[in-house]
Structures are given as structure tokens and as C-alpha cells.
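Peer 1: What follows is final27.cif, made up of mmCIF, C-alpha atoms:
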data_structure
#
loop_
_atom_site.label_atom_id
_atom_site.label_comp_id
_atom_site.auth_asym_id
_atom_site.auth_seq_id
_atom_site.Cartn_x
_atom_site.Cartn_y
_atom_site.Cartn_z
CA MET A 1 76.71 22.66 100.97
CA THR A 2 80.26 21.40 100.58
CA HIS A 3 82.91 23.00 98.40
CA THR A 4 85.58 20.95 96.66
CA LEU A 5 88.96 22.57 96.18
CA PRO A 6 90.54 22.32 92.71
CA PRO A 7 93.24 19.71 92.30
CA ARG A 8 96.48 20.79 93.98
CA PRO A 9 98.45 21.52 90.75
CA LEU A 10 95.58 23.63 89.42
CA LEU A 11 95.20 25.42 92.74
CA CYS A 12 98.91 26.29 92.76
CA ALA A 13 98.68 27.59 89.22
CA LEU A 14 95.67 29.74 90.09
CA LEU A 15 97.43 31.16 93.15
CA LEU A 16 100.56 31.93 91.16
CA ALA A 17 98.49 33.69 88.51
CA PHE A 18 96.61 35.65 91.18
CA PHE A 19 99.74 36.84 92.94
CA GLY A 20 101.38 37.52 89.59
CA LEU A 21 98.54 39.89 88.72
CA ILE A 22 98.97 41.66 92.06
CA ALA A 23 102.69 42.00 91.52
CA SER A 24 102.28 43.29 87.97
CA ALA A 25 99.90 46.00 89.20
CA GLN A 26 102.44 47.33 91.68
CA SER A 27 105.17 49.85 91.01
CA VAL A 28 108.62 48.52 90.22
CA GLN A 29 111.66 50.51 91.32
CA ARG A 30 115.10 49.90 89.90
CA GLY A 31 117.92 52.34 90.46
CA PRO A 32 116.55 55.87 90.04
CA TYR A 33 113.46 54.76 88.10
CA THR A 34 109.88 53.82 88.93
CA LEU A 35 107.78 51.85 86.46
CA ASP A 36 104.00 51.36 86.48
CA ALA A 37 101.71 49.51 84.11
CA ILE A 38 98.97 51.94 83.04
CA ALA A 39 97.16 49.90 80.37
CA ASP A 40 97.53 46.60 78.56
CA GLY A 41 101.07 46.68 77.18
CA VAL A 42 101.60 50.33 78.17
CA PHE A 43 104.05 51.40 80.89
CA HIS A 44 104.96 54.67 82.57
CA LEU A 45 108.55 55.28 83.69
CA GLN A 46 109.81 58.26 85.62
CA ASP A 47 113.21 59.28 86.92
CA GLY A 48 112.19 59.29 90.58
CA ASN A 49 111.99 56.76 93.39
CA ASP A 50 111.33 56.59 97.13
CA SER A 51 114.70 58.16 97.90
CA ASN A 52 114.19 61.04 95.45
CA PRO A 53 110.44 61.33 94.80
CA PRO A 54 108.89 63.50 92.10
CA GLY A 55 108.15 67.13 92.81
CA LEU A 56 108.93 69.48 95.66
CA HIS A 57 110.76 68.19 98.72
CA LEU A 58 109.83 70.06 101.91
CA ASN A 59 111.55 70.54 105.24
CA PRO A 60 109.56 69.88 108.45
CA ASP A 61 108.81 73.61 108.67
CA GLY A 62 107.32 73.62 105.16
CA THR A 63 110.20 75.34 103.41
CA GLN A 64 111.54 73.91 100.17
CA ALA A 65 114.36 71.42 100.61
CA GLY A 66 114.71 70.42 96.97
CA LEU A 67 112.96 69.55 93.71
CA ASN A 68 112.95 66.54 91.45
CA ASN A 69 111.35 67.70 88.22
CA CYS A 70 110.71 64.16 86.98
CA SER A 71 110.41 63.79 83.23
CA ASP A 72 108.27 60.89 82.05
CA MET A 73 108.84 58.11 79.56
CA TYR A 74 106.19 55.78 78.17
CA LEU A 75 106.73 52.31 76.72
CA VAL A 76 104.09 50.94 74.31
CA THR A 77 104.33 47.30 73.25
CA GLY A 78 102.64 45.56 70.35
CA ARG A 79 102.93 42.03 69.04
CA ASP A 80 106.05 42.71 66.98
CA LYS A 81 107.54 46.01 68.11
CA ALA A 82 107.86 48.23 71.17
CA LEU A 83 108.22 52.02 71.24
CA LEU A 84 109.76 54.06 74.06
CA ILE A 85 108.46 57.64 74.03
CA ASP A 86 110.97 60.18 75.40
CA LEU A 87 114.23 59.75 77.29
CA SER A 88 113.71 61.90 80.43
CA ASN A 89 116.30 63.94 82.31
CA PRO A 90 120.02 63.20 82.32
CA VAL A 91 120.24 61.35 85.65
CA THR A 92 123.46 62.03 87.53
CA TRP A 93 122.28 61.30 91.07
CA ASP A 94 122.41 57.51 90.61
CA SER A 95 125.35 55.79 88.95
CA THR A 96 123.17 52.84 87.89
CA ALA A 97 120.82 55.00 85.78
CA ALA A 98 121.74 53.72 82.31
CA GLU A 99 121.86 50.05 83.36
CA SER A 100 118.63 50.34 85.37
CA LEU A 101 116.74 52.01 82.54
CA ARG A 102 117.87 49.48 79.94
CA SER A 103 116.93 46.53 82.14
CA LEU A 104 113.47 47.90 82.99
CA VAL A 105 112.76 48.54 79.33
CA TYR A 106 114.20 45.34 77.87
CA ASP A 107 112.49 43.16 80.48
CA ARG A 108 109.20 44.33 78.96
CA VAL A 109 110.29 44.54 75.34
CA GLY A 110 111.30 40.88 75.28
CA ASP A 111 112.18 39.74 71.77
CA ARG A 112 110.25 42.51 70.01
CA GLU A 113 111.95 45.02 67.73
CA PHE A 114 112.75 48.07 69.88
CA LEU A 115 112.36 51.70 68.78
CA ILE A 116 112.74 55.03 70.56
CA THR A 117 111.07 58.35 69.79
CA VAL A 118 110.88 61.79 71.40
CA THR A 119 108.11 64.36 71.63
CA HIS A 120 110.41 67.39 71.23
CA ARG A 121 114.02 68.50 71.31
CA HIS A 122 114.47 69.73 74.91
CA GLY A 123 117.21 68.19 77.02
CA ASP A 124 114.88 66.96 79.78
CA HIS A 125 113.31 64.62 77.20
CA LEU A 126 116.59 63.53 75.60
CA GLY A 127 118.67 63.13 78.73
CA MET A 128 119.18 59.37 78.72
CA LEU A 129 120.03 59.07 75.04
CA PRO A 130 123.55 57.88 76.01
CA ALA A 131 121.98 54.76 77.55
CA PHE A 132 120.90 53.61 74.07
CA ALA A 133 123.01 55.56 71.56
CA ASP A 134 125.65 52.81 71.28
CA ASP A 135 123.22 49.92 71.71
CA PRO A 136 122.78 48.26 68.29
CA ARG A 137 119.43 46.82 69.34
CA ALA A 138 117.85 50.28 69.77
CA LYS A 139 116.49 52.00 66.67
CA PHE A 140 115.19 55.56 66.55
CA TRP A 141 111.95 56.86 64.98
CA ILE A 142 112.18 60.63 65.24
CA PRO A 143 109.92 63.56 64.18
CA GLY A 144 111.85 64.94 61.23
CA GLU A 145 110.69 68.55 61.24
CA GLU A 146 111.45 68.99 64.95
CA PHE A 147 115.09 68.00 64.40
CA GLY A 148 115.61 69.21 60.85
CA HIS A 149 116.10 65.58 59.80
CA ALA A 150 119.36 65.54 61.76
CA GLY A 151 120.22 65.31 65.41
CA PRO A 152 122.15 63.54 68.14
CA PHE A 153 120.88 60.11 67.10
CA PRO A 154 122.94 57.32 65.49
CA ALA A 155 122.69 57.94 61.76
CA ASP A 156 122.61 54.28 60.76
CA ARG A 157 119.75 53.42 63.11
CA THR A 158 117.50 56.49 62.80
CA GLU A 159 114.43 57.10 60.64
CA TYR A 160 113.00 60.63 60.56
CA PHE A 161 109.26 60.51 60.04
CA PRO A 162 107.05 63.19 58.44
CA GLU A 163 104.10 64.95 60.04
CA ASN A 164 101.03 62.75 60.65
CA ALA A 165 102.99 59.51 60.30
CA SER A 166 101.83 56.29 61.97
CA LEU A 167 103.75 53.35 63.42
CA ASP A 168 102.35 49.81 63.43
CA LEU A 169 103.63 47.83 66.41
CA GLY A 170 101.74 44.69 65.37
CA GLY A 171 98.66 42.95 66.71
CA GLY A 172 96.43 45.96 66.04
CA VAL A 173 98.56 48.41 68.06
CA VAL A 174 99.08 51.43 65.79
CA LEU A 175 100.34 54.80 67.06
CA SER A 176 99.35 57.96 65.20
CA THR A 177 101.11 61.33 65.40
CA VAL A 178 100.02 64.96 65.18
CA GLU A 179 102.09 68.12 65.55
CA VAL A 180 101.19 70.87 68.05
CA PRO A 181 103.77 73.64 67.54
CA GLY A 182 104.24 76.33 70.16
CA HIS A 183 106.32 75.01 73.03
CA THR A 184 108.80 74.01 70.33
CA PRO A 185 108.48 74.48 66.55
CA HIS A 186 107.20 70.95 65.89
CA SER A 187 106.21 69.38 69.22
CA THR A 188 104.59 66.02 68.45
CA LEU A 189 101.76 64.11 70.13
CA PHE A 190 101.51 60.31 69.93
CA LEU A 191 98.00 58.84 69.99
CA LEU A 192 97.08 55.29 70.94
CA PRO A 193 93.64 54.16 69.71
CA GLY A 194 91.76 51.57 71.71
CA GLU A 195 93.15 52.91 74.97
CA ASP A 196 92.32 56.53 73.97
CA LEU A 197 95.69 57.76 75.21
CA ILE A 198 97.64 60.82 74.09
CA PHE A 199 101.35 61.03 74.94
CA SER A 200 101.88 64.76 74.81
CA GLY A 201 105.36 65.57 76.11
CA ASP A 202 105.20 69.29 76.97
CA ALA A 203 103.22 70.34 73.89
CA ILE A 204 100.03 71.20 75.79
CA GLY A 205 101.43 71.11 79.31
CA SER A 206 101.38 68.47 81.99
CA GLY A 207 98.93 70.04 84.38
CA SER A 208 100.93 73.04 85.55
CA GLY A 209 100.78 74.62 82.14
CA VAL A 210 102.55 75.04 78.84
CA TRP A 211 105.59 77.32 78.59
CA LEU A 212 105.75 79.57 75.52
CA PHE A 213 109.22 81.05 75.22
CA ASN A 214 108.76 84.13 73.02
CA GLU A 215 106.03 86.41 71.73
CA GLU A 216 105.53 84.62 68.44
CA SER A 217 105.15 81.20 70.10
CA PHE A 218 101.80 82.19 71.62
CA TYR A 219 100.29 82.95 68.20
CA VAL A 220 101.67 79.67 66.85
CA TYR A 221 100.27 77.78 69.84
CA LYS A 222 96.84 79.41 69.47
CA GLU A 223 96.59 78.12 65.91
CA SER A 224 97.89 74.71 67.00
CA VAL A 225 95.24 74.31 69.70
CA GLY A 226 92.55 75.20 67.18
CA ARG A 227 93.82 72.55 64.77
CA LEU A 228 94.11 69.99 67.58
CA LEU A 229 90.52 70.58 68.66
CA ALA A 230 89.31 70.21 65.07
CA PHE A 231 91.34 67.01 64.74
CA LEU A 232 89.93 65.52 67.96
CA GLU A 233 86.37 66.46 67.03
CA ASN A 234 86.64 64.93 63.56
CA PRO A 235 84.70 61.62 63.32
CA GLY A 236 87.80 60.02 61.80
CA CYS A 237 90.01 60.82 64.80
CA PRO A 238 91.81 57.66 66.01
CA VAL A 239 90.99 58.35 69.68
CA ASP A 240 87.65 59.01 71.35
CA ARG A 241 87.73 62.68 72.22
CA ASP A 242 85.27 62.30 75.10
CA HIS A 243 87.23 59.53 76.83
CA LEU A 244 90.83 60.44 76.14
CA THR A 245 93.56 60.60 78.77
CA ILE A 246 96.48 62.98 78.28
CA LEU A 247 99.80 61.62 79.51
CA GLY A 248 102.20 64.54 79.72
CA GLY A 249 105.93 64.83 80.03
CA HIS A 250 105.96 65.73 83.74
CA ALA A 251 103.04 63.82 85.26
CA TRP A 252 103.79 64.90 88.83
CA GLN A 253 102.81 68.44 87.85
CA LYS A 254 99.13 67.53 87.57
CA GLY A 255 99.05 67.55 91.37
CA GLU A 256 96.08 65.86 92.96
CA ARG A 257 94.12 65.47 89.73
CA ASP A 258 93.40 61.85 88.96
CA LYS A 259 94.14 62.42 85.29
CA LEU A 260 94.10 65.00 82.52
CA GLY A 261 91.18 64.44 80.19
CA PRO A 262 89.31 66.31 77.43
CA GLU A 263 88.30 69.06 79.86
CA TYR A 264 91.96 70.09 79.99
CA ILE A 265 91.98 70.99 76.29
CA ASP A 266 88.55 72.62 76.60
CA ASP A 267 89.91 74.77 79.45
CA MET A 268 92.91 75.65 77.29
CA ARG A 269 90.56 76.90 74.56
CA THR A 270 88.61 79.01 77.05
CA LEU A 271 91.82 80.37 78.56
CA MET A 272 93.06 81.57 75.17
CA ASP A 273 89.69 83.20 74.50
CA GLU A 274 89.94 85.06 77.81
CA MET A 275 93.52 86.13 77.07
CA ALA A 276 92.28 87.61 73.79
CA ARG A 277 89.72 89.63 75.74
CA GLY A 278 92.25 90.59 78.39
CA THR A 279 90.14 89.01 81.13
CA ALA A 280 92.22 85.92 81.97
CA ALA A 281 93.30 85.40 85.56
CA ARG A 282 97.03 86.06 85.85
CA GLU A 283 99.69 85.65 88.48
CA LYS A 284 103.28 86.82 88.47
CA THR A 285 105.70 83.92 88.40
CA SER A 286 109.44 83.46 88.51
CA THR A 287 111.32 81.14 86.16
CA PHE A 288 114.91 80.81 85.01
CA LEU A 289 113.89 82.81 81.91
CA PRO A 290 112.97 86.48 82.53
CA PHE A 291 110.50 86.48 79.61
CA LEU A 292 108.37 83.86 81.37
CA ASN A 293 107.05 86.13 84.09
CA THR A 294 103.29 85.46 84.25
CA SER A 295 100.98 82.46 84.44
CA PHE A 296 97.49 82.78 82.96
CA THR A 297 94.90 80.32 84.23
CA PHE A 298 91.43 78.98 83.62
CA GLY A 299 90.15 75.78 85.22
CA SER A 300 92.81 73.10 84.82
CA ALA A 301 94.74 74.99 82.11
CA THR A 302 97.72 77.30 82.53
CA ILE A 303 99.83 79.18 79.99
CA THR A 304 103.11 80.60 81.26
CA TRP A 305 104.05 83.51 79.02
CA ASN A 306 104.80 87.22 79.36
CA ASP A 307 102.72 89.93 81.01
CA GLU A 308 103.54 92.72 78.55
CA ALA A 309 103.12 90.49 75.51
CA ALA A 310 99.71 89.41 76.78
CA ASP A 311 98.62 93.05 77.13
CA ARG A 312 99.71 93.76 73.56
CA TYR A 313 97.83 90.68 72.35
CA ALA A 314 94.60 91.72 74.07
CA SER A 315 94.89 95.34 72.88
CA GLN A 316 95.00 94.23 69.26
CA ASN A 317 91.42 92.96 69.57
CA HIS A 318 92.18 89.55 68.10
CA ASP A 319 89.41 87.22 67.09
CA SER A 320 89.27 85.00 70.18
CA SER A 321 87.50 82.10 68.52
CA LEU A 322 89.44 78.86 68.15
#
Could you write out this structure as C-alpha cells?
Peer 2:
Amino acid sequence: MTHTLPPRPLLCALLLAFFGLIASAQSVQRGPYTLDAIADGVFHLQDGNDSNPPGLHLNPDGTQAGLNNCSDMYLVTGRDKALLIDLSNPVTWDSTAAESLRSLVYDRVGDREFLITVTHRHGDHLGMLPAFADDPRAKFWIPGEEFGHAGPFPADRTEYFPENASLDLGGGVVLSTVEVPGHTPHSTLFLLPGEDLIFSGDAIGSGSGVWLFNEESFYVYKESVGRLLAFLENPGCPVDRDHLTILGGHAWQKGERDKLGPEYIDDMRTLMDEMARGTAAREKTSTFLPFLNTSFTFGSATITWNDEAADRYASQNHDSSL
């Protein structure tokens, strides 16, 4: 049997398309940033590259040489608009940071309207605001309750949205929001139907756990997780609870796990039940905040909180059911 090659112009076009697909699937590094396509029209950016990779840096003898606690950004594009979720750490180790970030983002935004949002008010998710604060093209769509309807954003280009708001990016790409207080008073998740993605910031942790900064925050978080589970299990939920992927604010912290899925939230529910009974596995930990002295674990879930506060919680014989 003989095989006839396509005409030369068509063959060239096919080869260009093929190699273009290969190139688009690869990571792109520019300045201090690495960008990956993770779904159709969805991109992951982190403030790390080959010269300063995410996570712990080790000496040849295994001792710690340094740490790059990468903070993640996600760009979602629709037909008409594009939304950048979070603004990562303030990058001072590369003088091209602002220019590199803008070019990576705008190359993919094209001529769409461009908006920026944030999951919560911590500085490692607001760090590159100066790259866009004076850029008239960038508009801001910000969770109002988290910032008290005010903040470091340009007043003439900022809309503060209420709880449970949605944003239509065009072409059937609609992002929904839901609050999960605890890590901060109004931490906000962004949900993308169709792809079954949740952009969670630090609200439920990124794989190494959620930090709860005072005694009250645990009780708030417990109620939040219960409401989140009810929301995800509701037939009207915009994402498929059984197939969701959680994209956190520090993806490198998930370690060798391929992804965080629904089992992560299930493990979080079980962990909080065990903490109520006083039976959760715990390990002393050291952070820059003395209150955060213990990590409680079950399966893939971790809550970093306080040893004495956890004992008080268990001794009060709380209803453990979420």
C-alpha cells in the first residue's frame, strides 16, 4: 500500500500546528515567573523559575539552603474578558518582575477586557499590585467584605462585589464565588464550572494545611467548612463535587500529590471531627507566630493552630458533626 503525503502547504501548516501544540503545553519562563496552561483558557503563574524554584532549597548534605514560598496566580480567559486571580508575593529578587508579569499576562489576555481579583487580604497574595495599580487597562473586581469596601486598589477602576457574586467572562465562561471565612474574615473561593476548578487561595489550605491565627478563627472555620460541604453537595452547585480540582495559593506545598481533589475536603471534615474528640494526630511545629505551635493532621488535610486551644476545644465536648 502506498501513502500519499498531503500537499506541501498543507503539510507545513499541519507541522506548524503540531509543534505549536507542543510549545503551548510546555512551561514558559519570563523573568522570575513560570507560566503553565492547565485547562482551556486557564493558566497558572508562580513567582519561581529554574534559578529560584518553588519550595525548600537544600545543600548537598541535606541541610536547608533557602526557601521560595511561591504564591500562585491564575488567569482565566473567556471570549470577552480575562480575570487574574491573586497577585503573589512582592518579588524583589528580579528587577524585571513587574515587566515580566505584565507581558506574560497581556500576551494571553489579548484584546479582552482585563480584570484582577484576590482571594484574601494577605500580602503574599497582593504583592505585585504595583505592577498594575497605575495601568489604566487593569480593572479590579474585589471581594467587598474582605476589604471593607476599601483597600489599596485604584478607586476609579475598582468594583467591590458582594458575597456569592458571579462574573461572566463571555462565551459561557462564568466564575462563581463563595466565602470560606477562617484563615481571614472573608476568604473567597472562585469556582469555574465546566472545568470543575476551585481557586482557593489559602482559605482551605494548599496541601500543607490551613493556618488559623487565633482561637476564634477555628470555630469560624469549622462552620465555614460545613457550609462549603453543603454547598458542594447541593445539586445546584456549579462544579461537580466528585470531579473537582482545588487550585490553592501555594501549589508547591501539595508535595508529590498529583492534585488536590474532593478527598481533601472530606479529610478536612474528618480532621475537625477528630479534633472535637481530642483524638487528632498532632505534631509540634514552629512558625513566625508563637500561637501557631501545632499541626493537626488526617489524610491529606492539616490544620495549623494552637495546642492549648485545641485541648480546650475538645474538653468542651463540642458536637463534632459538620
Peer 1: Could you work out how far atom CA of Ser315 of chain A lies from atom CA of Thr270 of chain A, giving the answer in Å with one decimal?
Peer 2: 18.0 Å
Peer 1: At a cut-off of 9 Å around the point (98.1, 54.9, 76.1) (file coordinates), what residues fall inside when counting all atoms listed in the file? I'd like the answer as a PyMOL selection string.
Peer 2: chain A and resi 38-43+74+76+190-199+245-247
Peer 1: One decimal, in Å: what's the spacing between atom CA of Leu289 of chain A and atom CA of Asp124 of chain A?
Peer 2: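 Separating atom CA of Leu289 of chain A from atom CA of Asp124 of chain A is a distance of 16.0 Å.
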Peer 1: Leaving out Gln29 of chain A and any residue of its chain fewer than 4 positions from it, which residues lie within 12 Å of it when counting only C-alpha atoms, given as a ChimeraX atom specification?
Peer 2: /A:33-36,44-53,97,100-101,103-104
Peer 1: Grab the atom CA of Ser295 of chain A to atom CA of Ala309 of chain A distance for me, in Å with one decimal place.
Peer 2: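 That distance, rounded to one decimal, is 12.2 Å.
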Peer 1: Extract, using all atoms listed in the file, all DNA, RNA and protein residues at most 10 Å from Gly226 of chain A, discarding same-chain residues fewer than 2 positions from it, and format them as a PDB file with C-alpha atoms, keeping the file's coordinate frame.
Peer 2:
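For reference, result38.pdb as written:
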ATOM      1  CA  VAL A 180     101.190  70.870  68.050  1.00  0.00           C
ATOM      2  CA  TYR A 221     100.270  77.780  69.840  1.00  0.00           C
ATOM      3  CA  LYS A 222      96.840  79.410  69.470  1.00  0.00           C
ATOM      4  CA  GLU A 223      96.590  78.120  65.910  1.00  0.00           C
ATOM      5  CA  SER A 224      97.890  74.710  67.000  1.00  0.00           C
ATOM      6  CA  LEU A 228      94.110  69.990  67.580  1.00  0.00           C
ATOM      7  CA  LEU A 229      90.520  70.580  68.660  1.00  0.00           C
ATOM      8  CA  ALA A 230      89.310  70.210  65.070  1.00  0.00           C
ATOM      9  CA  PHE A 231      91.340  67.010  64.740  1.00  0.00           C
ATOM     10  CA  ARG A 269      90.560  76.900  74.560  1.00  0.00           C
ATOM     11  CA  SER A 321      87.500  82.100  68.520  1.00  0.00           C
ATOM     12  CA  LEU A 322      89.440  78.860  68.150  1.00  0.00           C
TER      13      LEU A 322
END
Peer 1: Return as AutoDock Vina command-line options the centre and edge lengths, in Å with one decimal, of the box along x, y and z that encloses every atom of segment 248-258 of chain A in the file, padded by 6 Å per side.
Peer 2:
--center_x 99.7 --center_y 65.1 --center_z 86.3 --size_x 24.6 --size_y 18.6 --size_z 25.2
Peer 1: For this structure, which residues satisfy the selection - the PyMOL selection byres ((chain A and resi 110) around 12) - when it is evaluated on the file as given? I want them as a PyMOL selection string.
Peer 2: chain A and resi 41+77-82+102-109+111-114+137
Peer 1: Under the rule that only C-alpha atoms are counted, which of A:Asp242, A:Glu274, A:Phe147, A:Phe213 is the nearest residue to Phe288 of chain A?
Peer 2: A:Phe213
Peer 1: Neighbouring residues of segment 160-163 of chain A were defined as those with any atom within 8 Å, considering only C-alpha atoms; residues of the same chain fewer than 4 positions away were excluded. Please report them as a short mmCIF file (atom, residue, chain, number, x, y, z; two decimals) with C-alpha atoms, keeping the file's coordinate frame.
Peer 2:
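Dumped everything to selection27.cif:
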data_model
loop_
_atom_site.label_atom_id
_atom_site.label_comp_id
_atom_site.auth_asym_id
_atom_site.auth_seq_id
_atom_site.Cartn_x
_atom_site.Cartn_y
_atom_site.Cartn_z
CA TRP A 141 111.95 56.86 64.98
CA ILE A 142 112.18 60.63 65.24
CA PRO A 143 109.92 63.56 64.18
CA GLY A 144 111.85 64.94 61.23
CA GLU A 145 110.69 68.55 61.24
CA HIS A 149 116.10 65.58 59.80
CA THR A 177 101.11 61.33 65.40
CA VAL A 178 100.02 64.96 65.18
CA GLU A 179 102.09 68.12 65.55
#
Peer 1: Take the PyMOL selection byres ((chain A and resi 185) around 12), run it mentally on this structure, and tell me the resulting residues as a ChimeraX atom specification.
Peer 2: /A:119-122,143-148,179-184,186-188,203,212-214,216-221,224
Peer 1: Please produce a file of the residues just selected, as a CSV table (one decimal), keeping the file's coordinate frame, where the atoms kept are C-alpha atoms.
Peer 2:
chain,number,residue,atom,x,y,z
A,119,THR,CA,108.1,64.4,71.6
A,120,HIS,CA,110.4,67.4,71.2
A,121,ARG,CA,114.0,68.5,71.3
A,122,HIS,CA,114.5,69.7,74.9
A,143,PRO,CA,109.9,63.6,64.2
A,144,GLY,CA,111.8,64.9,61.2
A,145,GLU,CA,110.7,68.6,61.2
A,146,GLU,CA,111.4,69.0,65.0
A,147,PHE,CA,115.1,68.0,64.4
A,148,GLY,CA,115.6,69.2,60.8
A,179,GLU,CA,102.1,68.1,65.6
A,180,VAL,CA,101.2,70.9,68.0
A,181,PRO,CA,103.8,73.6,67.5
A,182,GLY,CA,104.2,76.3,70.2
A,183,HIS,CA,106.3,75.0,73.0
A,184,THR,CA,108.8,74.0,70.3
A,186,HIS,CA,107.2,71.0,65.9
A,187,SER,CA,106.2,69.4,69.2
A,188,THR,CA,104.6,66.0,68.4
A,203,ALA,CA,103.2,70.3,73.9
A,212,LEU,CA,105.8,79.6,75.5
A,213,PHE,CA,109.2,81.0,75.2
A,214,ASN,CA,108.8,84.1,73.0
A,216,GLU,CA,105.5,84.6,68.4
A,217,SER,CA,105.2,81.2,70.1
A,218,PHE,CA,101.8,82.2,71.6
A,219,TYR,CA,100.3,83.0,68.2
A,220,VAL,CA,101.7,79.7,66.8
A,221,TYR,CA,100.3,77.8,69.8
A,224,SER,CA,97.9,74.7,67.0
Peer 1: When you look at His250 of chain A with a cut-off of 12 Å (counting only C-alpha atoms), what residues show up, excluding the ones that are within fewer than 5 positions of it in the same chain? I need them as a PyMOL selection string.
Peer 2: chain A and resi 44-48+54-55+68-74+86+88-89+124-125+199-210+255+260
Peer 1: Which residues would end up in the selection if the PyMOL selection byres ((chain A and resi 115) around 6) were applied here, given that I need the answer as a list in words?
Peer 2: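 Residues picked by the PyMOL selection byres ((chain A and resi 115) around 6): Leu83, Phe114, Ile116, Ala138, Lys139 and Phe140 of chain A.
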